[in-house]
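> Submitted below is the structure of interest, expressed as structure tokens.
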Amino acid sequence: MTVQVMLISPALDAALREARFGGDAPLDAAGVRQARAAAPEVPAADRHVRGPSGRCTGTADALGLRAEPEPGLRDWDMGRWSGQRLATVSGNEPEAVSAWLTDPSAAPHGGESLLEFCARVGRWLESAGAPYGDGGGRVLGVVEPAVVRAVIVRALALPAEAFWRLDVAPLTLTGLSGRSGRWNLRCGRPLSAAQGNPRRP
């Protein structure tokens, strides 16, 4: 069974612009405009899902998708750091932030460790084709940038530390095709011509 999993990162909001840990801020007006402009570039799919955050919900709505909330695709649980700026936490808890960045099993914030987060997202990925049986299918999700990075780590069986070397820009499409245990990656591309991507045939 071959499945295509396509992931769109949400439009910018205040939390992303300010480098905050998670939080559930909705899209602002600029983010809604950007997502609406990208809507014509969204590929067709058999099933649409989204992370449960306000940012993912707002992006999916602006893209014109009727996407089901998927708990397994929620953002990385940052515990007591959620909603705080990275710069603030780094200044107040430098040793904790250092452990978080260097030890994939560390969770000084009281939420998920990187290993736990990647494992949880990986479980969703391995079950993504289940609704389609042997015929495969196309799943499109609007998910947080961290979720896209975790999916790539799990799909390609990369070491958890590779998570920190992956960048996911707003409103980009990342595609995987294959099946459980064997995935091929098509790296992210901008959805909108306004973001420097000419419309492809």
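Identifiers for the structure tokens are assigned positionally: chains receive A, B, ... in sequence, residues are indexed from 1 per chain, and ligands are indexed from 1 in the order shown.
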Show which residues sit within 6 Å of A:Leu63, as a list in words. Count only C-alpha atoms, and ignore same-chain residues fewer than 2 positions away.

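Here the answer would be Ala35, Arg36, Ala39, Ala60, Asp61 and Leu65 of chain A.
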
> Write the selection just made, keeping C-alpha atoms, as a PDB file, in the first residue's frame?


```pdb
ATOM      1  CA  ALA A  35      -3.300  31.638   3.672  1.00  0.00           C
ATOM      2  CA  ARG A  36      -6.176  32.756   1.443  1.00  0.00           C
ATOM      3  CA  ALA A  39      -5.444  28.413  -1.319  1.00  0.00           C
ATOM      4  CA  ALA A  60      -7.084  25.303   7.288  1.00  0.00           C
ATOM      5  CA  ASP A  61     -10.196  27.494   7.208  1.00  0.00           C
ATOM      6  CA  LEU A  65     -10.253  22.980   3.826  1.00  0.00           C
TER       7      LEU A  65
END
```

> Neighbouring residues of A:Ser113 were defined as those with any atom within 12 Å, considering only C-alpha atoms; residues of the same chain fewer than 5 positions away were excluded. Please report them as a ChimeraX atom specification.

/A:76-79,99-108,118-120,150,160-161

> Residues within 12 Å of A:Trp183, please, as a PyMOL selection string. Count only C-alpha atoms; anything in the same chain fewer than 5 positions from it doesn't count.

chain A and resi 1-5+122+125-126+151-157+175-178

> The selected residues should be written to file as a PDB file, in the first residue's frame (atoms: N, CA and C atoms).


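Heads up, here's the output in part-v7.pdb:
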```pdb
ATOM      1  N   MET A   1       0.843  -1.198   0.000  1.00  0.00           N
ATOM      2  CA  MET A   1       0.000   0.000   0.000  1.00  0.00           C
ATOM      3  C   MET A   1       0.879   1.250   0.000  1.00  0.00           C
ATOM      4  N   THR A   2       0.661   2.108  -0.959  1.00  0.00           N
ATOM      5  CA  THR A   2       1.390   3.381  -1.024  1.00  0.00           C
ATOM      6  C   THR A   2       0.460   4.510  -0.613  1.00  0.00           C
ATOM      7  N   VAL A   3       0.941   5.338   0.288  1.00  0.00           N
ATOM      8  CA  VAL A   3       0.167   6.462   0.803  1.00  0.00           C
ATOM      9  C   VAL A   3       0.947   7.745   0.547  1.00  0.00           C
ATOM     10  N   GLN A   4       0.243   8.810   0.244  1.00  0.00           N
ATOM     11  CA  GLN A   4       0.868  10.130   0.169  1.00  0.00           C
ATOM     12  C   GLN A   4       0.398  10.946   1.360  1.00  0.00           C
ATOM     13  N   VAL A   5       1.341  11.433   2.116  1.00  0.00           N
ATOM     14  CA  VAL A   5       1.060  12.291   3.269  1.00  0.00           C
ATOM     15  C   VAL A   5       1.633  13.661   2.956  1.00  0.00           C
ATOM     16  N   GLY A 122       5.164   9.981  15.184  1.00  0.00           N
ATOM     17  CA  GLY A 122       5.466   8.811  14.372  1.00  0.00           C
ATOM     18  C   GLY A 122       4.353   7.782  14.390  1.00  0.00           C
ATOM     19  N   LEU A 125       1.867   8.893  11.893  1.00  0.00           N
ATOM     20  CA  LEU A 125       2.333   8.675  10.528  1.00  0.00           C
ATOM     21  C   LEU A 125       2.159   7.221  10.117  1.00  0.00           C
ATOM     22  N   GLU A 126       2.518   6.303  10.976  1.00  0.00           N
ATOM     23  CA  GLU A 126       2.440   4.889  10.623  1.00  0.00           C
ATOM     24  C   GLU A 126       0.995   4.416  10.455  1.00  0.00           C
ATOM     25  N   VAL A 151       7.828  14.538  11.961  1.00  0.00           N
ATOM     26  CA  VAL A 151       7.421  13.550  10.949  1.00  0.00           C
ATOM     27  C   VAL A 151       8.618  13.168  10.079  1.00  0.00           C
ATOM     28  N   ILE A 152       9.400  14.159   9.656  1.00  0.00           N
ATOM     29  CA  ILE A 152      10.568  13.873   8.818  1.00  0.00           C
ATOM     30  C   ILE A 152      11.568  12.999   9.563  1.00  0.00           C
ATOM     31  N   VAL A 153      11.820  13.332  10.825  1.00  0.00           N
ATOM     32  CA  VAL A 153      12.753  12.540  11.632  1.00  0.00           C
ATOM     33  C   VAL A 153      12.311  11.086  11.694  1.00  0.00           C
ATOM     34  N   ARG A 154      11.038  10.869  11.953  1.00  0.00           N
ATOM     35  CA  ARG A 154      10.540   9.494  12.069  1.00  0.00           C
ATOM     36  C   ARG A 154      10.476   8.780  10.726  1.00  0.00           C
ATOM     37  N   ALA A 155      10.027   9.491   9.701  1.00  0.00           N
ATOM     38  CA  ALA A 155       9.871   8.850   8.396  1.00  0.00           C
ATOM     39  C   ALA A 155      11.197   8.370   7.837  1.00  0.00           C
ATOM     40  N   LEU A 156      12.253   9.146   8.046  1.00  0.00           N
ATOM     41  CA  LEU A 156      13.557   8.812   7.487  1.00  0.00           C
ATOM     42  C   LEU A 156      14.465   8.108   8.496  1.00  0.00           C
ATOM     43  N   ALA A 157      13.914   7.783   9.667  1.00  0.00           N
ATOM     44  CA  ALA A 157      14.681   7.099  10.718  1.00  0.00           C
ATOM     45  C   ALA A 157      15.965   7.866  11.047  1.00  0.00           C
ATOM     46  N   GLY A 175       5.963  16.734   1.462  1.00  0.00           N
ATOM     47  CA  GLY A 175       5.269  15.515   1.050  1.00  0.00           C
ATOM     48  C   GLY A 175       6.060  14.256   1.349  1.00  0.00           C
ATOM     49  N   LEU A 176       5.347  13.225   1.771  1.00  0.00           N
ATOM     50  CA  LEU A 176       5.918  11.897   1.968  1.00  0.00           C
ATOM     51  C   LEU A 176       5.099  10.914   1.155  1.00  0.00           C
ATOM     52  N   SER A 177       5.770   9.944   0.578  1.00  0.00           N
ATOM     53  CA  SER A 177       5.048   8.887  -0.109  1.00  0.00           C
ATOM     54  C   SER A 177       5.692   7.559   0.241  1.00  0.00           C
ATOM     55  N   GLY A 178       4.868   6.546   0.372  1.00  0.00           N
ATOM     56  CA  GLY A 178       5.385   5.227   0.696  1.00  0.00           C
ATOM     57  C   GLY A 178       4.429   4.466   1.584  1.00  0.00           C
TER      58      GLY A 178
END
```

> From the set A:Asp46, A:Glu144, A:Glu95, A:Glu70, which residue has the shortest atom-to-atom contact distance to A:Ala15, counting only C-alpha atoms?

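Selected residue with least distance to A:Ala15: A:Glu144.
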
> Nearest residue to A:Leu86 out of A:Gly58, A:Pro170, A:Pro40, A:Ser98, using only C-alpha atoms?

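Looking at the shortest contact to A:Leu86, the residue is A:Ser98.
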
> Using atom CA of A:Pro10 and atom CA of A:Gln34 as the two end points, give the distance in Å to one decimal.

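Rounded to one decimal, the two atoms are 9.9 Å apart.
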
> Looking only at alpha helix (DSSP H) from DSSP on the backbone, list the matching residues of stretch 102-145 of chain A as a list in words.

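Those in stretch 102-145 of chain A that DSSP calls alpha helix (DSSP H) are Thr102, Leu114, Leu115, Glu116, Phe117, Cys118, Ala119, Arg120, Val121, Gly122, Arg123, Trp124, Leu125, Glu126, Ser127 and Pro145 of chain A.
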
> Compile the contact shell of A:Val147 as a list in words: residues with an atom at most 7 Å away, counting only C-alpha atoms, same-chain residues fewer than 6 positions apart removed.

Leu73, Asp75 and Val121 of chain A

> In Å, rounded to a single decimal, give me how far atom CA of A:Arg20 is from atom CA of A:Gly83.

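So the answer is 5.6 Å.
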
> So how far away is atom CA of A:Ala45 from atom CA of A:Arg33, in Å?

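Distance between the two atoms: 22.8 Å.
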
> Which polymer residues have any atom within 12 Å of an atom of A:Glu68, counting only C-alpha atoms, with same-chain residues fewer than 4 positions away left out, as a tab-separated table (two decimals) with N, CA and C atoms, in the first residue's frame?


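Just written: around.tsv:
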```
chain	number	residue	atom	x	y	z
A	47	ARG	N	-8.39	12.90	2.22
A	47	ARG	CA	-8.73	13.18	3.62
A	47	ARG	C	-7.96	14.39	4.07
A	48	HIS	N	-8.62	15.27	4.84
A	48	HIS	CA	-7.98	16.47	5.35
A	48	HIS	C	-8.00	16.43	6.88
A	49	VAL	N	-6.84	16.67	7.49
A	49	VAL	CA	-6.73	16.72	8.94
A	49	VAL	C	-5.97	17.99	9.31
A	50	ARG	N	-6.01	18.29	10.60
A	50	ARG	CA	-5.28	19.47	11.08
A	50	ARG	C	-4.89	19.27	12.53
A	51	GLY	N	-3.84	19.96	12.92
A	51	GLY	CA	-3.54	20.04	14.34
A	51	GLY	C	-4.64	20.82	15.04
A	52	PRO	N	-4.84	20.59	16.33
A	52	PRO	CA	-5.97	21.22	17.02
A	52	PRO	C	-5.75	22.68	17.42
A	53	SER	N	-4.59	23.26	17.17
A	53	SER	CA	-4.33	24.63	17.60
A	53	SER	C	-5.15	25.64	16.81
A	56	CYS	N	-3.48	26.33	13.40
A	56	CYS	CA	-3.75	25.34	12.34
A	56	CYS	C	-5.20	25.41	11.88
A	57	THR	N	-6.11	25.60	12.83
A	57	THR	CA	-7.52	25.71	12.48
A	57	THR	C	-7.77	26.91	11.56
A	60	ALA	N	-6.26	26.24	8.06
A	60	ALA	CA	-7.08	25.30	7.29
A	60	ALA	C	-8.34	26.00	6.78
A	61	ASP	N	-8.99	26.78	7.63
A	61	ASP	CA	-10.20	27.49	7.21
A	61	ASP	C	-9.89	28.47	6.07
A	72	GLY	N	-3.35	13.47	17.55
A	72	GLY	CA	-1.99	12.97	17.40
A	72	GLY	C	-1.06	13.95	16.71
A	73	LEU	N	-1.63	14.98	16.08
A	73	LEU	CA	-0.85	15.99	15.38
A	73	LEU	C	-0.76	17.31	16.14
A	139	VAL	N	-3.42	11.95	2.07
A	139	VAL	CA	-3.79	12.62	3.31
A	139	VAL	C	-3.12	13.98	3.33
A	140	LEU	N	-3.90	15.03	3.56
A	140	LEU	CA	-3.36	16.39	3.64
A	140	LEU	C	-3.62	16.93	5.04
A	141	GLY	N	-2.57	17.39	5.70
A	141	GLY	CA	-2.71	17.92	7.04
A	141	GLY	C	-2.13	19.32	7.16
A	142	VAL	N	-2.77	20.16	7.96
A	142	VAL	CA	-2.23	21.46	8.34
A	142	VAL	C	-1.72	21.31	9.76
A	143	VAL	N	-0.40	21.36	9.91
A	143	VAL	CA	0.21	21.03	11.20
A	143	VAL	C	1.32	22.01	11.55
```
